[in-house]
$ cat data.txt   # compact mmCIF, C-alpha atoms
# COMPACT_ATOMS: atom_id res chain seq x y z
CA MET A 3 76.56 229.84 186.29
CA ILE A 4 80.01 228.29 186.13
CA ILE A 5 81.53 227.13 182.83
CA GLY A 6 84.05 224.34 183.44
CA VAL A 7 86.72 223.43 180.86
CA LEU A 8 88.22 219.95 181.01
CA LYS A 9 91.54 218.77 179.65
CA CYS A 10 91.44 216.08 176.96
CA THR A 11 94.42 213.77 176.48
CA GLU A 12 93.07 211.98 173.36
CA GLU A 13 93.05 215.09 171.15
CA ASN A 14 94.81 218.43 170.88
CA LEU A 15 91.44 220.06 171.32
CA VAL A 16 90.09 222.20 174.14
CA GLY A 17 86.47 223.31 174.45
CA LEU A 18 87.26 226.92 175.24
CA VAL A 19 90.23 229.05 174.13
CA PRO A 20 91.25 232.34 175.81
CA LYS A 21 89.94 234.43 172.91
CA VAL A 22 86.40 233.13 173.48
CA VAL A 23 86.38 233.40 177.30
CA SER A 24 85.14 237.01 177.18
CA LYS A 25 82.01 235.92 175.29
CA TYR A 26 80.99 234.01 178.42
CA THR A 27 82.17 236.46 181.07
CA LYS A 28 80.23 239.27 179.38
CA GLY A 29 77.14 237.17 179.98
CA ASP A 30 77.83 236.88 183.72
CA TYR A 31 79.30 233.39 183.53
CA GLU A 32 82.28 232.42 185.65
CA VAL A 33 84.89 230.36 183.79
CA LEU A 34 86.83 227.63 185.57
CA VAL A 35 89.60 225.95 183.57
CA GLU A 36 91.39 222.74 184.50
CA SER A 37 95.10 223.37 184.86
CA GLY A 38 96.84 222.45 181.60
CA ALA A 39 93.57 222.11 179.66
CA GLY A 40 94.84 224.19 176.75
CA ALA A 41 98.51 223.21 176.84
CA ALA A 42 98.31 220.75 173.93
CA SER A 43 96.87 223.56 171.78
CA ASN A 44 99.51 226.08 172.94
CA TYR A 45 97.17 227.93 175.32
CA SER A 46 98.85 228.31 178.70
CA ASP A 47 97.13 228.73 182.07
CA ASP A 48 98.48 232.29 182.19
CA MET A 49 96.67 233.12 178.94
CA TYR A 50 93.36 232.05 180.48
CA GLU A 51 93.97 234.00 183.69
CA GLU A 52 94.80 237.14 181.70
CA VAL A 53 91.26 237.14 180.23
CA GLY A 54 89.49 236.52 183.52
CA ALA A 55 89.26 232.73 183.81
CA LYS A 56 90.24 230.87 186.98
CA ILE A 57 92.56 227.86 186.96
CA ALA A 58 91.63 224.91 189.16
CA PRO A 59 92.38 221.20 189.63
CA ARG A 60 90.27 218.75 187.62
CA ALA A 61 88.31 217.54 190.68
CA GLU A 62 87.22 221.10 191.45
CA VAL A 63 86.13 221.78 187.89
CA LEU A 64 84.07 218.57 187.82
CA ALA A 65 82.40 219.33 191.16
CA GLN A 66 81.62 223.02 190.65
CA ALA A 67 80.77 223.47 186.97
CA ASP A 68 77.17 223.90 185.86
CA ILE A 69 78.29 223.44 182.24
CA LEU A 70 81.27 221.25 181.39
CA LEU A 71 83.06 221.70 178.06
CA THR A 72 85.32 219.01 176.59
CA SER A 73 86.01 217.14 173.38
CA THR A 74 86.06 213.52 174.56
CA GLY A 75 87.89 214.20 177.81
CA ILE A 76 85.68 212.77 180.54
CA GLU A 77 85.85 209.30 182.06
CA VAL A 78 82.94 207.05 183.03
CA ASP A 79 83.84 207.14 186.73
CA GLU A 80 83.96 210.95 186.68
CA LEU A 81 80.28 211.35 185.79
CA SER A 82 79.24 210.71 189.38
CA LYS A 83 81.53 213.54 190.49
CA THR A 84 79.63 216.20 188.54
CA LYS A 85 76.55 218.11 189.65
CA GLN A 86 73.37 216.14 188.97
CA SER A 87 72.03 219.18 187.12
CA ALA A 88 75.20 219.67 185.08
CA ILE A 89 75.24 220.01 181.31
CA ILE A 90 78.14 218.30 179.51
CA VAL A 91 79.01 219.38 175.97
CA GLY A 92 81.50 217.55 173.78
CA LYS A 93 81.78 215.31 170.74
CA PHE A 94 81.43 211.73 171.91
CA ASN A 95 81.09 209.85 168.60
CA GLY A 96 77.41 209.50 169.28
CA ARG A 97 76.67 207.05 166.44
CA VAL A 98 79.06 204.38 167.71
CA GLU A 99 78.21 202.56 170.92
CA SER A 100 80.84 202.64 173.66
CA GLU A 101 81.04 202.35 177.43
CA LEU A 102 81.35 206.13 177.75
CA LEU A 103 78.38 206.78 175.44
CA THR A 104 76.18 204.40 177.44
CA ALA A 105 77.26 206.02 180.70
CA LEU A 106 76.55 209.51 179.35
CA LYS A 107 73.06 208.44 178.28
CA GLN A 108 72.33 207.05 181.73
CA ALA A 109 73.93 209.85 183.77
CA GLU A 110 71.95 212.31 185.90
CA ALA A 111 73.73 215.12 184.09
CA LYS A 112 72.53 215.98 180.59
CA ALA A 113 75.18 215.30 177.94
CA PHE A 114 75.14 216.72 174.41
CA SER A 115 77.28 215.32 171.59
CA LEU A 116 77.81 217.91 168.86
CA ASP A 117 78.76 215.34 166.23
CA LEU A 118 75.02 214.53 166.14
CA LEU A 119 73.94 218.00 165.01
CA PRO A 120 71.51 218.00 162.06
CA ARG A 121 72.68 219.38 158.73
CA SER A 122 70.59 222.56 158.67
CA SER A 123 71.20 226.25 158.03
CA ILE A 124 70.43 227.12 161.67
CA ALA A 125 72.98 224.59 162.93
CA GLN A 126 75.78 225.67 160.57
CA SER A 127 77.47 227.92 163.12
CA MET A 128 77.57 225.01 165.60
CA ASP A 129 78.67 222.33 163.12
CA VAL A 130 81.73 220.82 164.77
CA LEU A 131 82.25 218.12 162.16
CA SER A 132 82.31 220.61 159.29
CA SER A 133 84.68 222.97 161.11
CA LEU A 134 87.19 220.24 161.89
CA ALA A 135 86.76 218.50 158.51
CA SER A 136 87.66 221.71 156.69
CA LEU A 137 90.91 222.00 158.64
CA SER A 138 91.66 218.31 158.06
CA GLY A 139 91.05 218.61 154.31
CA TYR A 140 93.56 221.44 154.11
CA LYS A 141 96.09 219.58 156.23
CA ALA A 142 95.75 216.40 154.14
CA VAL A 143 97.00 218.17 151.02
CA VAL A 144 99.81 219.97 152.82
CA LEU A 145 100.90 216.69 154.42
CA ALA A 146 100.77 214.85 151.09
CA ALA A 147 102.74 217.61 149.38
CA ASP A 148 105.41 217.32 152.07
CA HIS A 149 105.75 213.58 151.46
CA PHE A 150 105.58 213.86 147.67
CA GLY A 151 108.99 214.16 146.07
CA GLY A 152 108.06 216.69 143.43
CA TYR A 153 106.40 220.01 142.59
CA LEU A 154 102.66 220.50 142.71
CA PRO A 155 102.46 223.45 140.27
CA MET A 156 103.76 223.49 136.73
CA MET A 157 107.31 224.85 136.75
CA THR A 158 109.04 226.36 133.72
CA THR A 159 112.81 226.28 133.99
CA SER A 160 115.78 226.76 131.68
CA ALA A 161 115.93 222.98 131.44
CA GLY A 162 112.31 222.67 130.32
CA THR A 163 108.81 222.59 131.75
CA ILE A 164 107.82 220.30 134.61
CA PRO A 165 104.10 219.40 134.40
CA PRO A 166 101.87 219.93 137.45
CA ALA A 167 101.21 217.07 139.87
CA LYS A 168 97.97 215.14 139.45
CA VAL A 169 95.79 214.99 142.57
CA MET A 170 92.68 212.85 142.98
CA VAL A 171 90.22 213.54 145.81
CA LEU A 172 87.67 210.89 146.72
CA GLY A 173 84.66 212.33 148.54
CA ALA A 174 83.52 215.91 148.01
CA GLY A 175 82.11 216.74 151.42
CA VAL A 176 83.55 219.54 153.53
CA ALA A 177 86.97 217.89 153.87
CA GLY A 178 87.11 216.92 150.21
CA LEU A 179 86.13 220.35 148.94
CA GLN A 180 88.77 221.98 151.13
CA ALA A 181 91.33 219.46 149.84
CA ILE A 182 90.37 220.30 146.26
CA ALA A 183 90.63 224.05 146.89
CA THR A 184 94.01 223.68 148.62
CA ALA A 185 95.47 221.46 145.89
CA LYS A 186 94.29 223.90 143.21
CA ARG A 187 95.81 226.84 145.10
CA LEU A 188 99.11 224.94 145.13
CA GLY A 189 98.88 224.57 141.36
CA ALA A 190 98.02 220.89 140.96
CA MET A 191 95.70 219.33 138.39
CA VAL A 192 92.77 217.99 140.42
CA GLU A 193 90.15 215.34 139.74
CA ALA A 194 87.42 214.51 142.26
CA PHE A 195 84.88 211.77 142.74
CA ASP A 196 81.71 211.55 144.83
CA VAL A 197 78.62 209.36 144.60
CA ARG A 198 76.42 212.44 145.11
CA SER A 199 75.80 214.11 141.76
CA ALA A 200 74.66 217.27 143.55
CA VAL A 201 78.26 218.17 144.42
CA LYS A 202 79.43 218.20 140.78
CA GLU A 203 78.84 221.93 140.44
CA GLU A 204 80.76 222.69 143.63
CA VAL A 205 83.70 220.56 142.52
CA GLU A 206 83.85 222.19 139.11
CA SER A 207 83.51 225.69 140.60
CA LEU A 208 86.79 225.03 142.41
CA GLY A 209 88.51 224.20 139.13
CA ALA A 210 88.58 220.42 139.46
CA LYS A 211 87.33 217.80 137.02
CA PHE A 212 84.42 215.75 138.37
CA ILE A 213 84.75 211.98 137.84
CA GLU A 214 81.27 210.58 137.43
CA VAL A 215 79.94 207.03 137.57
CA GLU A 216 76.35 206.71 136.42
CA GLY A 217 73.72 204.91 138.53
CA ALA A 218 74.53 206.15 142.04
CA ALA A 219 71.84 205.76 144.71
CA GLU A 220 71.04 208.97 146.57
CA SER A 221 68.66 209.89 149.39
CA ALA A 222 67.31 213.27 150.44
CA SER A 223 66.94 211.91 153.99
CA ALA A 224 70.69 211.28 154.33
CA GLY A 225 71.33 214.84 155.46
CA GLY A 226 73.91 215.53 152.76
CA TYR A 227 75.92 212.38 153.49
CA ALA A 228 76.64 209.57 151.06
CA ILE A 229 74.68 206.32 151.36
CA GLU A 230 75.58 202.71 150.64
CA GLN A 231 75.62 201.70 146.96
CA SER A 232 74.72 198.59 144.95
CA GLU A 233 77.36 195.97 144.16
CA GLU A 234 77.10 196.76 140.42
CA TYR A 235 77.74 200.45 141.06
CA ILE A 236 80.63 199.72 143.41
CA ALA A 237 82.31 197.52 140.78
CA LYS A 238 82.10 200.29 138.14
CA GLN A 239 83.25 202.86 140.67
CA LYS A 240 86.32 200.85 141.69
CA GLU A 241 87.37 200.30 138.08
CA LEU A 242 87.18 204.02 137.25
CA ILE A 243 89.02 204.91 140.45
CA HIS A 244 91.66 202.27 139.62
CA GLN A 245 92.30 203.77 136.19
CA THR A 246 92.49 207.33 137.56
CA ALA A 247 94.64 206.45 140.57
CA MET A 248 97.26 204.81 138.37
CA LYS A 249 97.98 208.23 136.83
CA ALA A 250 97.78 210.22 140.09
CA ASP A 251 100.69 211.53 142.14
CA ILE A 252 98.58 212.24 145.23
CA VAL A 253 95.27 210.70 146.34
CA ILE A 254 93.19 212.08 149.22
CA THR A 255 90.30 209.91 150.46
CA THR A 256 87.60 211.40 152.69
CA ALA A 257 84.57 209.10 152.24
CA ASN A 258 82.67 208.28 155.41
CA ILE A 259 79.16 206.95 156.08
CA PRO A 260 78.11 208.06 159.60
CA GLY A 261 77.82 205.14 162.03
CA ARG A 262 79.03 202.58 159.46
CA LYS A 263 82.25 201.12 158.14
CA ALA A 264 83.94 203.40 155.62
CA PRO A 265 83.63 202.22 151.99
CA LEU A 266 86.73 200.61 150.49
CA LEU A 267 87.46 202.72 147.42
CA ILE A 268 91.05 201.82 146.61
CA GLU A 269 91.85 198.12 146.52
CA GLU A 270 95.26 196.57 147.06
CA LYS A 271 95.71 195.97 143.32
CA THR A 272 95.22 199.71 142.74
CA VAL A 273 97.79 200.65 145.39
CA ARG A 274 100.32 198.30 143.79
CA ALA A 275 99.55 199.67 140.32
CA MET A 276 100.24 203.30 141.34
CA LYS A 277 103.51 205.02 140.50
CA ALA A 278 106.37 204.70 142.96
CA GLY A 279 106.66 207.97 144.85
CA SER A 280 102.90 208.51 144.93
CA VAL A 281 101.24 209.48 148.21
CA ILE A 282 97.81 208.50 149.56
CA VAL A 283 96.21 210.18 152.58
CA ASP A 284 93.30 208.14 153.96
CA MET A 285 91.14 210.29 156.23
CA ALA A 286 88.70 207.48 157.07
CA THR A 287 91.01 204.95 158.74
CA ALA A 288 89.29 205.18 162.15
CA SER A 289 86.17 203.61 160.62
CA GLY A 290 87.93 200.99 158.51
CA GLY A 291 89.54 203.14 155.84
CA ASN A 292 88.94 203.87 152.16
CA VAL A 293 92.28 202.32 151.16
CA ALA A 294 93.40 198.71 151.39
CA LEU A 295 96.52 198.30 153.56
CA ALA A 296 96.01 201.68 155.28
CA GLN A 297 96.53 201.74 159.06
CA ASP A 298 95.06 204.31 161.42
CA ASN A 299 97.63 206.78 162.76
CA GLN A 300 100.40 205.13 160.77
CA THR A 301 102.32 205.66 157.54
CA VAL A 302 102.99 202.50 155.56
CA GLU A 303 104.84 202.08 152.27
CA VAL A 304 103.82 199.57 149.62
CA GLU A 305 106.07 199.22 146.58
CA GLY A 306 107.13 202.85 146.82
CA VAL A 307 103.62 204.21 147.48
CA LYS A 308 103.17 205.93 150.85
CA ILE A 309 99.82 205.48 152.60
CA ILE A 310 99.18 207.91 155.46
CA GLY A 311 96.24 206.98 157.70
CA ASP A 312 94.88 209.78 159.90
CA THR A 313 91.24 210.54 160.65
CA LYS A 314 92.03 213.45 162.96
CA LEU A 315 94.42 215.60 160.98
CA TYR A 316 92.97 218.63 162.77
CA ASN A 317 94.99 217.43 165.78
CA GLN A 318 98.07 218.76 163.99
CA MET A 319 96.50 222.23 164.05
CA GLY A 320 95.58 222.45 167.74
CA PRO A 321 95.30 226.25 168.12
CA GLN A 322 93.07 226.71 165.06
CA SER A 323 91.04 223.55 165.72
CA SER A 324 90.37 224.59 169.30
CA LEU A 325 89.37 228.10 168.22
CA VAL A 326 86.71 226.93 165.77
CA TYR A 327 85.56 224.23 168.20
CA SER A 328 85.20 226.84 170.96
CA ASN A 329 83.10 229.04 168.70
CA ASN A 330 80.92 226.08 167.69
CA ILE A 331 80.24 225.28 171.36
CA PHE A 332 79.53 228.92 172.22
CA ASN A 333 77.02 229.16 169.37
CA PHE A 334 75.36 225.93 170.51
CA LEU A 335 75.00 227.13 174.10
CA THR A 336 73.74 230.53 172.93
CA PHE A 337 71.00 228.74 170.99
CA MET A 338 70.23 226.41 173.89
CA PHE A 339 69.85 229.24 176.43
CA LYS A 340 68.22 231.85 174.20
CA GLU A 341 65.06 231.68 176.38
CA GLY A 342 66.98 231.16 179.61
CA ALA A 343 68.44 228.15 181.41
CA GLU A 344 65.00 227.10 182.65
CA ASN A 345 63.52 227.02 179.14
CA ILE A 346 65.82 224.81 177.08
CA PRO A 347 63.93 223.89 173.86
CA PHE A 348 64.26 220.11 174.15
CA GLU A 349 61.72 219.61 171.36
CA ASN A 350 63.90 221.50 168.85
CA GLU A 351 65.79 219.14 166.50
CA ILE A 352 69.16 220.71 167.32
CA ILE A 353 68.74 220.01 171.04
CA ALA A 354 66.84 216.73 170.60
CA ASN A 355 69.38 215.27 168.15
CA THR A 356 72.42 216.07 170.27
CA LEU A 357 71.03 215.10 173.69
CA LEU A 358 72.37 211.68 174.68
CA LYS A 359 69.48 209.73 176.17
CA VAL A 360 68.34 206.13 176.55
CA GLU A 361 65.90 205.46 173.73
CA GLN A 362 62.75 203.49 174.41
CA ASP A 363 64.05 200.40 172.62
CA GLU A 364 67.28 200.55 174.63
CA ALA A 365 65.54 200.67 177.99
CA VAL A 366 65.71 197.49 180.08
CA SER A 367 62.39 196.38 181.53
CA ALA A 368 62.28 195.77 185.27
$ encode --input "data.txt" --output "structure tokens"
Amino acid sequence: MIIGVLKCTEENLVGLVPKVVSKYTKGDYEVLVESGAGAASNYSDDMYEEVGAKIAPRAEVLAQADILLTSTGIEVDELSKTKQSAIIVGKFNGRVESELLTALKQAEAKAFSLDLLPRSSIAQSMDVLSSLASLSGYKAVVLAADHFGGYLPMMTTSAGTIPPAKVMVLGAGVAGLQAIATAKRLGAMVEAFDVRSAVKEEVESLGAKFIEVEGAAESASAGGYAIEQSEEYIAKQKELIHQTAMKADIVITTANIPGRKAPLLIEEKTVRAMKAGSVIVDMATASGGNVALAQDNQTVEVEGVKIIGDTKLYNQMGPQSSLVYSNNIFNFLTFMFKEGAENIPFENEIIANTLLKVEQDEAVSA
């Protein structure tokens, strides 16, 4: 079988890095890489050829590959240029309808979107969202520290002691926990908030103070994600966040609800009440943002407070992001083909959840 690797221009992410190529070639796969596919992540064509991959034009990769690897890098009109039996693996934002998503569902080829993986122990090694969120959480703190005009750790000098910076992290999922850990390693005082009481122990184990608002709605069926809250709870939450943010030097927001608009956690009045020189990094701007006035892929300044909007901070770490993404895909394909290419376990939740298909209620009657 031929593994084809496509270039993506929307992200600095490639579905296969040179270090992982040998995992496929040992299994008698041939690897065909589009010329320049890894360039944005600092992987040259020569690096692929040195480990046994072949470099080819995009049209050849599309036409010959039995399995196509990408992030989001395939166009609607290219689907007809693939083999009808091809398997396409990427992360296509499968909870948000788009022209590409509809085309992938209707294509002859079978497309799998790894952002739809279930939260389970078996799927952990394939969990693209967690891998990239961890990198983004780290990068958010480093980026904020770079924009913040002061120290993060406590510094004792001959002129006196400078207290540590105060960091608040909103959302204690994978990205939030990594942000907490990174801020603590840099010596900051960290407070964290999440509507899920179950994460309190994890937050405190990292050395942060857990900010708790009583009365949060939770659901075991949410797969570890937060769910929408009542208006009464949201009002109490915003007031507590307002009071805490006013004292913070850095705020990192990571709260997302899959397939829905991100919750607004920091209102405009809170931004304007924060200290001049403070920095906010909003990691949910692609789905509406957690912070009033935040703009996706932009840095804005409001009365001396910088607001950095970036949902894909992992893009700034292309080599590492592509490495973990490549491993996630390899683990997914290993699971898919464990009984052979003719015996894909379509009934398994990992395969069933990620396969993009037209659901019965989406089908159009003749």
$ residues_around --input "data.txt" --residues "stretch 87-98 of chain A" --least-positions-apart "4" --cutoff "8 Å" --atoms "all atoms listed in the file" --output "count of residues only"
23
$ closest_residue --input "data.txt" --among "A:Lys21, A:Lys277, A:Lys211, A:Lys168" --to "A:Leu188" --atoms "only C-alpha atoms"
A:Lys168
$ residues_near_point --input "data.txt" --point "(68.3, 220.2, 172.2)" --cutoff "12 Å" --atoms "all atoms listed in the file" --output "ChimeraX atom specification"
/A:89,91,112-116,118-120,125,334-340,345-359
$ atom_distance --input "data.txt" --atom1 "atom CA of A:Lys263" --atom2 "atom CA of A:Leu137"
22.6 Å
$ atom_distance --input "data.txt" --atom1 "atom CA of A:Gln245" --atom2 "atom CA of A:Val307"
16.0 Å
$ residues_around --input "data.txt" --residues "A:Ala190" --least-positions-apart "2" --cutoff "12 Å" --atoms "all atoms listed in the file" --output "number ranges by chain"
A: 143, 147, 152-157, 164-171, 181-188, 192-193, 209-211, 250-253
$ axis_aligned_box --input "data.txt" --around "stretch 124-139 of chain A" --padding-each-side "6 Å" --output "JSON"
{"center_x": 81.0, "center_y": 223.0, "center_z": 160.0, "size_x": 33.2, "size_y": 21.8, "size_z": 23.3}
$ atom_distance --input "data.txt" --atom1 "atom CA of A:Glu12" --atom2 "atom CA of A:Lys141"
19.0 Å
$ closest_residue --input "data.txt" --among "A:Tyr140, A:Tyr26, A:Phe150, A:Tyr31" --to "A:Ile4" --atoms "all atoms listed in the file"
A:Tyr31
